[in-house]
Each structure stands twice: as structure tokens, then as C-alpha cells.
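S.K.: Got a file for you: work_13.cif, mmCIF, C-alpha atoms.
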```
data_work
loop_
_atom_site.group_PDB
_atom_site.id
_atom_site.type_symbol
_atom_site.label_atom_id
_atom_site.label_comp_id
_atom_site.auth_asym_id
_atom_site.auth_seq_id
_atom_site.Cartn_x
_atom_site.Cartn_y
_atom_site.Cartn_z
ATOM 1 C CA THR A 1 -0.697 -25.736 13.099
ATOM 2 C CA ASP A 2 1.464 -22.639 13.419
ATOM 3 C CA LYS A 3 3.410 -24.224 16.297
ATOM 4 C CA LEU A 4 4.444 -27.215 14.182
ATOM 5 C CA GLY A 5 5.217 -24.933 11.246
ATOM 6 C CA GLU A 6 7.487 -22.774 13.393
ATOM 7 C CA LYS A 7 9.734 -25.798 14.008
ATOM 8 C CA TRP A 8 10.124 -26.436 10.275
ATOM 9 C CA LEU A 9 13.245 -24.716 8.912
ATOM 10 C CA PRO A 10 11.817 -23.616 5.499
ATOM 11 C CA TYR A 11 8.807 -22.088 7.289
ATOM 12 C CA GLN A 12 11.108 -20.258 9.708
ATOM 13 C CA LYS A 13 13.126 -18.862 6.773
ATOM 14 C CA PHE A 14 9.960 -17.797 4.980
ATOM 15 C CA ASN A 15 8.641 -16.093 8.127
ATOM 16 C CA HIS A 16 11.998 -14.364 8.632
ATOM 17 C CA PHE A 17 11.909 -13.163 5.008
ATOM 18 C CA LEU A 18 8.401 -11.715 5.497
ATOM 19 C CA ASP A 19 9.452 -10.081 8.795
ATOM 20 C CA ARG A 20 11.738 -7.770 6.845
ATOM 21 C CA TYR A 21 8.717 -6.342 5.021
ATOM 22 C CA SER A 22 6.234 -6.242 7.921
ATOM 23 C CA GLY A 23 6.620 -2.485 8.274
ATOM 24 C CA ASN A 24 5.686 -1.975 4.618
ATOM 25 C CA GLY A 25 2.258 -3.647 4.819
ATOM 26 C CA GLY A 26 0.383 -0.358 4.949
ATOM 27 C CA LEU A 27 2.316 1.065 1.997
ATOM 28 C CA ILE A 28 1.753 -2.091 -0.078
ATOM 29 C CA MET A 29 -1.986 -1.929 0.655
ATOM 30 C CA ARG A 30 -2.144 1.760 -0.270
ATOM 31 C CA VAL A 31 -0.369 1.209 -3.603
ATOM 32 C CA THR A 32 -2.502 -1.846 -4.414
ATOM 33 C CA MET A 33 -5.795 -0.160 -3.548
ATOM 34 C CA GLY A 34 -4.731 2.936 -5.466
ATOM 35 C CA ALA A 35 -4.274 0.762 -8.577
ATOM 36 C CA VAL A 36 -7.659 -0.943 -8.005
ATOM 37 C CA LEU A 37 -9.450 2.385 -7.603
ATOM 38 C CA LEU A 38 -7.797 3.863 -10.695
ATOM 39 C CA MET A 39 -8.829 0.821 -12.763
ATOM 40 C CA ALA A 40 -12.393 1.168 -11.440
ATOM 41 C CA TRP A 41 -12.346 4.875 -12.343
ATOM 42 C CA GLN A 42 -11.103 4.080 -15.844
ATOM 43 C CA SER A 43 -13.669 1.285 -16.419
ATOM 44 C CA ASP A 44 -16.594 3.228 -14.879
ATOM 45 C CA SER A 45 -17.284 0.529 -12.286
ATOM 46 C CA ILE A 46 -17.510 0.381 -8.490
ATOM 47 C CA VAL A 47 -14.228 -1.139 -7.257
ATOM 48 C CA ALA A 48 -14.754 -4.507 -9.034
ATOM 49 C CA PRO A 49 -15.105 -4.529 -12.852
ATOM 50 C CA GLU A 50 -18.333 -6.578 -12.637
ATOM 51 C CA ILE A 51 -20.165 -3.860 -10.660
ATOM 52 C CA SER A 52 -21.181 -1.076 -13.022
ATOM 53 C CA SER A 53 -21.300 2.419 -11.570
ATOM 54 C CA PRO A 54 -24.816 3.941 -11.356
ATOM 55 C CA SER A 55 -23.364 7.446 -11.716
ATOM 56 C CA PRO A 56 -20.254 8.966 -13.377
ATOM 57 C CA ILE A 57 -19.718 10.958 -10.178
ATOM 58 C CA LEU A 58 -18.839 7.734 -8.342
ATOM 59 C CA SER A 59 -16.015 7.084 -10.795
ATOM 60 C CA TRP A 60 -14.504 10.492 -10.013
ATOM 61 C CA ILE A 61 -14.994 9.892 -6.282
ATOM 62 C CA GLN A 62 -12.884 6.742 -6.684
ATOM 63 C CA PHE A 63 -10.243 8.789 -8.484
ATOM 64 C CA ALA A 64 -10.206 11.196 -5.508
ATOM 65 C CA MET A 65 -9.997 8.207 -3.123
ATOM 66 C CA ALA A 66 -6.932 6.961 -5.007
ATOM 67 C CA LEU A 67 -5.323 10.399 -4.609
ATOM 68 C CA CYS A 68 -6.104 10.335 -0.867
ATOM 69 C CA LEU A 69 -3.936 7.211 -0.557
ATOM 70 C CA ILE A 70 -0.840 9.255 -1.435
ATOM 71 C CA PHE A 71 -0.864 11.024 1.948
ATOM 72 C CA ARG A 72 -1.016 9.222 5.294
ATOM 73 C CA GLU A 73 -3.276 11.942 6.712
ATOM 74 C CA THR A 74 -6.032 11.233 4.158
ATOM 75 C CA VAL A 75 -5.883 7.413 3.990
ATOM 76 C CA ILE A 76 -8.786 7.166 6.451
ATOM 77 C CA LEU A 77 -10.993 9.027 3.937
ATOM 78 C CA THR A 78 -10.343 6.268 1.400
ATOM 79 C CA GLY A 79 -11.189 3.659 4.048
ATOM 80 C CA VAL A 80 -14.540 5.322 4.745
ATOM 81 C CA GLY A 81 -15.096 5.654 0.987
ATOM 82 C CA MET A 82 -14.534 1.902 0.470
ATOM 83 C CA ILE A 83 -17.229 1.091 3.001
ATOM 84 C CA LEU A 84 -19.647 3.612 1.453
ATOM 85 C CA LEU A 85 -19.000 2.203 -2.045
ATOM 86 C CA TYR A 86 -19.890 -1.240 -0.707
ATOM 87 C CA VAL A 87 -23.167 0.183 0.627
ATOM 88 C CA VAL A 88 -23.856 1.697 -2.825
ATOM 89 C CA GLY A 89 -23.128 -1.733 -4.325
ATOM 90 C CA ILE A 90 -25.687 -3.329 -1.987
ATOM 91 C CA ASP A 91 -28.241 -0.697 -2.995
ATOM 92 C CA THR A 92 -27.713 -1.197 -6.741
ATOM 93 C CA GLN A 93 -26.770 -4.900 -6.978
ATOM 94 C CA GLY A 94 -28.399 -6.432 -3.906
ATOM 95 C CA ALA A 95 -26.914 -7.810 -0.687
ATOM 96 C CA PHE A 96 -26.631 -11.381 -2.009
ATOM 97 C CA HIS A 97 -24.536 -10.359 -5.011
ATOM 98 C CA MET A 98 -22.271 -8.188 -2.848
ATOM 99 C CA LEU A 99 -21.387 -11.095 -0.548
ATOM 100 C CA ASP A 100 -18.713 -11.913 -3.155
ATOM 101 C CA TYR A 101 -17.014 -8.607 -2.333
ATOM 102 C CA VAL A 102 -16.908 -8.526 1.491
ATOM 103 C CA VAL A 103 -13.138 -8.125 1.156
ATOM 104 C CA TYR A 104 -13.642 -4.488 0.018
ATOM 105 C CA PRO A 105 -15.252 -3.120 3.218
ATOM 106 C CA ALA A 106 -12.670 -5.198 5.114
ATOM 107 C CA VAL A 107 -9.944 -3.330 3.212
ATOM 108 C CA GLY A 108 -11.710 -0.069 4.094
ATOM 109 C CA LEU A 109 -11.708 -0.988 7.792
ATOM 110 C CA TYR A 110 -8.051 -2.017 7.512
ATOM 111 C CA LEU A 111 -7.145 1.404 6.084
ATOM 112 C CA ILE A 112 -9.054 3.149 8.884
ATOM 113 C CA LEU A 113 -7.737 0.988 11.745
ATOM 114 C CA SER A 114 -4.115 0.900 10.555
ATOM 115 C CA HIS A 115 -3.941 4.717 10.679
ATOM 116 C CA MET A 116 -5.484 5.165 14.132
ATOM 117 C CA HIS A 117 -3.444 6.354 17.090
ATOM 118 C CA ASN A 118 -5.180 4.001 19.543
ATOM 119 C CA GLU A 119 -2.951 0.897 19.694
ATOM 120 C CA LYS A 120 -5.789 -1.481 20.660
ATOM 121 C CA MET A 121 -7.811 -0.399 17.641
ATOM 122 C CA LYS A 122 -4.738 -0.419 15.401
ATOM 123 C CA ASN A 123 -3.987 -4.045 16.297
ATOM 124 C CA LEU A 124 -7.366 -5.089 14.846
ATOM 125 C CA ASP A 125 -6.361 -4.093 11.295
ATOM 126 C CA LEU A 126 -4.916 -7.424 10.142
ATOM 127 C CA PRO A 127 -7.544 -9.665 11.821
ATOM 128 C CA VAL A 128 -10.267 -7.608 10.086
ATOM 129 C CA LEU A 129 -8.482 -7.863 6.732
ATOM 130 C CA TYR A 130 -7.876 -11.629 7.073
ATOM 131 C CA SER A 131 -11.509 -12.184 8.116
ATOM 132 C CA GLY A 132 -12.876 -10.250 5.129
ATOM 133 C CA LEU A 133 -10.595 -11.996 2.644
ATOM 134 C CA GLY A 134 -11.268 -15.373 4.266
ATOM 135 C CA PHE A 135 -15.039 -14.899 4.124
ATOM 136 C CA SER A 136 -14.885 -13.835 0.462
ATOM 137 C CA LEU A 137 -12.881 -16.943 -0.457
ATOM 138 C CA CYS A 138 -15.246 -19.231 1.482
ATOM 139 C CA TRP A 139 -18.286 -17.604 -0.099
ATOM 140 C CA VAL A 140 -17.064 -18.043 -3.689
ATOM 141 C CA ALA A 141 -16.255 -21.676 -2.813
ATOM 142 C CA PHE A 142 -19.848 -22.179 -1.581
ATOM 143 C CA GLU A 143 -21.183 -20.586 -4.762
ATOM 144 C CA LYS A 144 -19.219 -23.077 -6.877
ATOM 145 C CA LEU A 145 -20.749 -25.955 -4.920
ATOM 146 C CA ILE A 146 -24.313 -24.602 -4.755
ATOM 147 C CA TYR A 147 -24.461 -23.120 -8.271
ATOM 148 C CA PRO A 148 -21.990 -25.237 -10.287
ATOM 149 C CA CYS A 149 -23.795 -24.361 -13.536
ATOM 150 C CA TRP A 150 -22.423 -20.784 -13.286
ATOM 151 C CA VAL A 151 -18.809 -21.916 -13.411
ATOM 152 C CA LEU A 152 -19.431 -24.798 -15.817
ATOM 153 C CA SER A 153 -21.017 -22.410 -18.332
ATOM 154 C CA VAL A 154 -17.894 -20.209 -18.167
ATOM 155 C CA LEU A 155 -15.646 -23.244 -18.625
ATOM 156 C CA THR A 156 -17.735 -24.357 -21.608
ATOM 157 C CA GLN A 157 -17.174 -20.969 -23.255
ATOM 158 C CA ALA A 158 -13.472 -20.797 -22.268
ATOM 159 C CA PRO A 159 -12.241 -24.406 -21.764
ATOM 160 C CA ALA A 160 -8.601 -23.270 -21.561
ATOM 161 C CA LEU A 161 -9.334 -22.016 -18.015
ATOM 162 C CA ALA A 162 -9.597 -25.637 -16.833
ATOM 163 C CA MET A 163 -6.016 -26.315 -18.081
ATOM 164 C CA GLY A 164 -7.067 -29.584 -19.720
ATOM 165 C CA LEU A 165 -8.666 -30.980 -16.552
ATOM 166 C CA ASN A 166 -12.158 -32.431 -16.341
ATOM 167 C CA HIS A 167 -14.507 -29.479 -15.724
ATOM 168 C CA GLU A 168 -16.303 -31.019 -12.736
ATOM 169 C CA PHE A 169 -12.983 -31.989 -11.134
ATOM 170 C CA PHE A 170 -11.569 -28.523 -11.777
ATOM 171 C CA LEU A 171 -14.632 -26.879 -10.206
ATOM 172 C CA MET A 172 -14.485 -29.080 -7.079
ATOM 173 C CA SER A 173 -10.726 -28.537 -6.746
ATOM 174 C CA CYS A 174 -11.114 -24.749 -6.957
ATOM 175 C CA ALA A 175 -13.913 -24.800 -4.375
ATOM 176 C CA PHE A 176 -11.841 -26.968 -2.010
ATOM 177 C CA ILE A 177 -8.750 -24.749 -2.292
ATOM 178 C CA GLU A 178 -10.723 -21.497 -1.902
ATOM 179 C CA PHE A 179 -12.618 -22.771 1.123
ATOM 180 C CA THR A 180 -9.473 -24.144 2.794
ATOM 181 C CA LEU A 181 -7.526 -20.903 2.241
ATOM 182 C CA GLY A 182 -10.464 -18.792 3.446
ATOM 183 C CA TYR A 183 -11.116 -20.892 6.541
ATOM 184 C CA LEU A 184 -7.461 -20.960 7.592
ATOM 185 C CA LEU A 185 -7.207 -17.184 7.104
ATOM 186 C CA MET A 186 -10.277 -16.599 9.282
ATOM 187 C CA ILE A 187 -8.959 -18.756 12.128
ATOM 188 C CA CYS A 188 -5.445 -17.265 11.699
ATOM 189 C CA LEU A 189 -3.597 -20.521 11.046
ATOM 190 C CA LEU A 190 -0.556 -20.122 8.793
ATOM 191 C CA HIS A 191 -1.979 -16.706 7.927
ATOM 192 C CA ARG A 192 1.239 -15.187 6.588
ATOM 193 C CA PRO A 193 2.028 -17.753 3.856
ATOM 194 C CA LEU A 194 -1.675 -18.139 3.075
ATOM 195 C CA ALA A 195 -2.068 -14.380 2.641
ATOM 196 C CA VAL A 196 0.806 -14.439 0.131
ATOM 197 C CA ILE A 197 -0.804 -17.371 -1.747
ATOM 198 C CA SER A 198 -4.231 -15.662 -1.761
#
```
In C-alpha cells, how does this file's structure come out?
M.R.:
Amino acid sequence: TDKLGEKWLPYQKFNHFLDRYSGNGGLIMRVTMGAVLLMAWQSDSIVAPEISSPSPILSWIQFAMALCLIFRETVILTGVGMILLYVVGIDTQGAFHMLDYVVYPAVGLYLILSHMHNEKMKNLDLPVLYSGLGFSLCWVAFEKLIYPCWVLSVLTQAPALAMGLNHEFFLMSCAFIEFTLGYLLMICLLHRPLAVIS
């Protein structure tokens, strides 16, 4: 648990190192999401490359959302836009397919909450982000276990991805790691180092 980890010297040093950058979390998220949105604009997709955009207008909206991240006053607009893009994804791709991408509306909520003046609401930003990322990791782990043929077909076409390991073992290992990381993020155990690993 976190309590045991806090007594371990390397963990304390790592936590202390991350403490120095805790005030830059919002800036890091803005820069990262700006890059994601610009790549989506360039590839004519909705946030993730696998989700094709139903209209060229959406690509330009994402470009505008990336620009909104430059100024603190307009970050909330990008947050709202992320949630609306997810809704568009559900409409065009289906709710089941979009379960892989729950992290994106979570990022949208993070951007909204982290720029609110209400401290109680603001303090929900990281739990929302960790929950969305954790759920996404758990969901892709479940998909590997329920539909192993999807991953095995990819590994058959590109065996180098398995790094020389047996394909079934590689699939089960990935599912185990993804589920463990996701679950621990959702229950907020060792969330700082796990967020860095994720």
C-alpha cells in the first residue's frame, strides 16, 4: 500500500522528485493534449487515429481546441470539446467501441475541473483523470481476455511486437499488467508512480 511505500527510501525520493513538478501538471496536460489534437487534425480523425472523422469541420474544430489550450481562460472550452467529441464518437462508432477511449472525456473533465475557481470542484480533477485512465486500461485488458483473436491476429501479422515471446503468453502478460495498472489507478494506490508508468 501507499503507507508501506512511504517508508521505503527510493519511493520517498521518487515522490519528492515528483513533488517539484506538481504545479506543472496542468501545463503538461495542456501541451500533451494540444499535440494529440493537432495530430488528430492532421490525420482527419477524432482524437484517436482509429476513429475517422465524419466531417472535415470536426478536424478544424480540433485545431481550434488545440489553440484554446494556449490560454488559461479558454482551456475549459477544450475540455467541453473533448466531451462533445466523445459523444460524436459514440454516435458514429457505437458506445461499445468507444469504451476503449473513456480516458478522453476524463481528460476533458480534468481540463474543466482544474480551471475552476471552486476548490472542492478543482480537487476532483486528478481523481476523475485517474478513474478514466484506469477504466480504459482495465477495459483493454478485458478485451484481450474476451477477444484474444483480435490481438493474436495483429501479432501474427507483426510478430516483432511480441519481442520473441510466445504470443499467448505475451497477450496474457499484457492483459495482466494493464488490468493491474488500471485497477490500482482507480483505487488510488501508488497512483503517482503508476501514472508515470502508464
S.K.: With only C-alpha atoms as the basis for distance, which of A:Gln62, A:Gln12, A:Ser114, A:Ser53 is at the shortest distance from Val36 of chain A?
M.R.: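 Closest residue, counting only C-alpha atoms: A:Gln62.
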S.K.: Just give me the gap between atom CA of Phe179 of chain A and atom CA of Val154 of chain A in Å, one decimal is fine.
M.R.: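 According to the coordinates, atom CA of Phe179 of chain A and atom CA of Val154 of chain A are separated by 20.2 Å.
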S.K.: Considering all atoms listed in the file, state which residue in the set A:Leu109, A:Leu38, A:Val75, A:Leu67 is at the smallest distance from Met121 of chain A.
M.R.: A:Leu109
S.K.: Could you tell me how far atom CA of Asn123 of chain A sits from atom CA of Arg72 of chain A, in Å to one decimal place?
M.R.: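 Taking atom CA of Arg72 of chain A as the start and atom CA of Asn123 of chain A as the end point, the length is 17.5 Å.
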S.K.: So that I can check the surroundings of Ala40 of chain A, please list as an NGL selection string every protein, DNA and RNA residue that reaches within 10 Å of it, counting all atoms listed in the file and ignoring chain neighbours fewer than 3 positions away.
M.R.: :A and (34-37 or 43-53 or 58-60 or 62-63)
S.K.: Tell me, in Å to one decimal, how far atom CA of Pro56 of chain A is from atom CA of Ile83 of chain A.
M.R.: 18.4 Å
S.K.: Which residue, A:Ile57, A:Met82, A:Phe71, A:Met65, has the smallest gap to Leu27 of chain A when you use all atoms listed in the file?
M.R.: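 Looking only at the distances to Leu27 of chain A, the closest residue turns out to be A:Phe71.
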S.K.: So, counting only C-alpha atoms, which residue among A:Leu99, A:Val80, A:Leu69, A:Leu9 is closest to Ser136 of chain A?
M.R.: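 Looking at the shortest contact to Ser136 of chain A, the residue is A:Leu99.
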S.K.: Taking (-9.2, 7.8, 12.1) in the coordinates of the supplied file, I want to know which residues reach to within 6 Å of it, counting all atoms listed in the file; could you give the answer as a list of chain:residue names?
M.R.: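 Those within range, by chain then number, are A:Ile76, A:Ile112, A:Met116.
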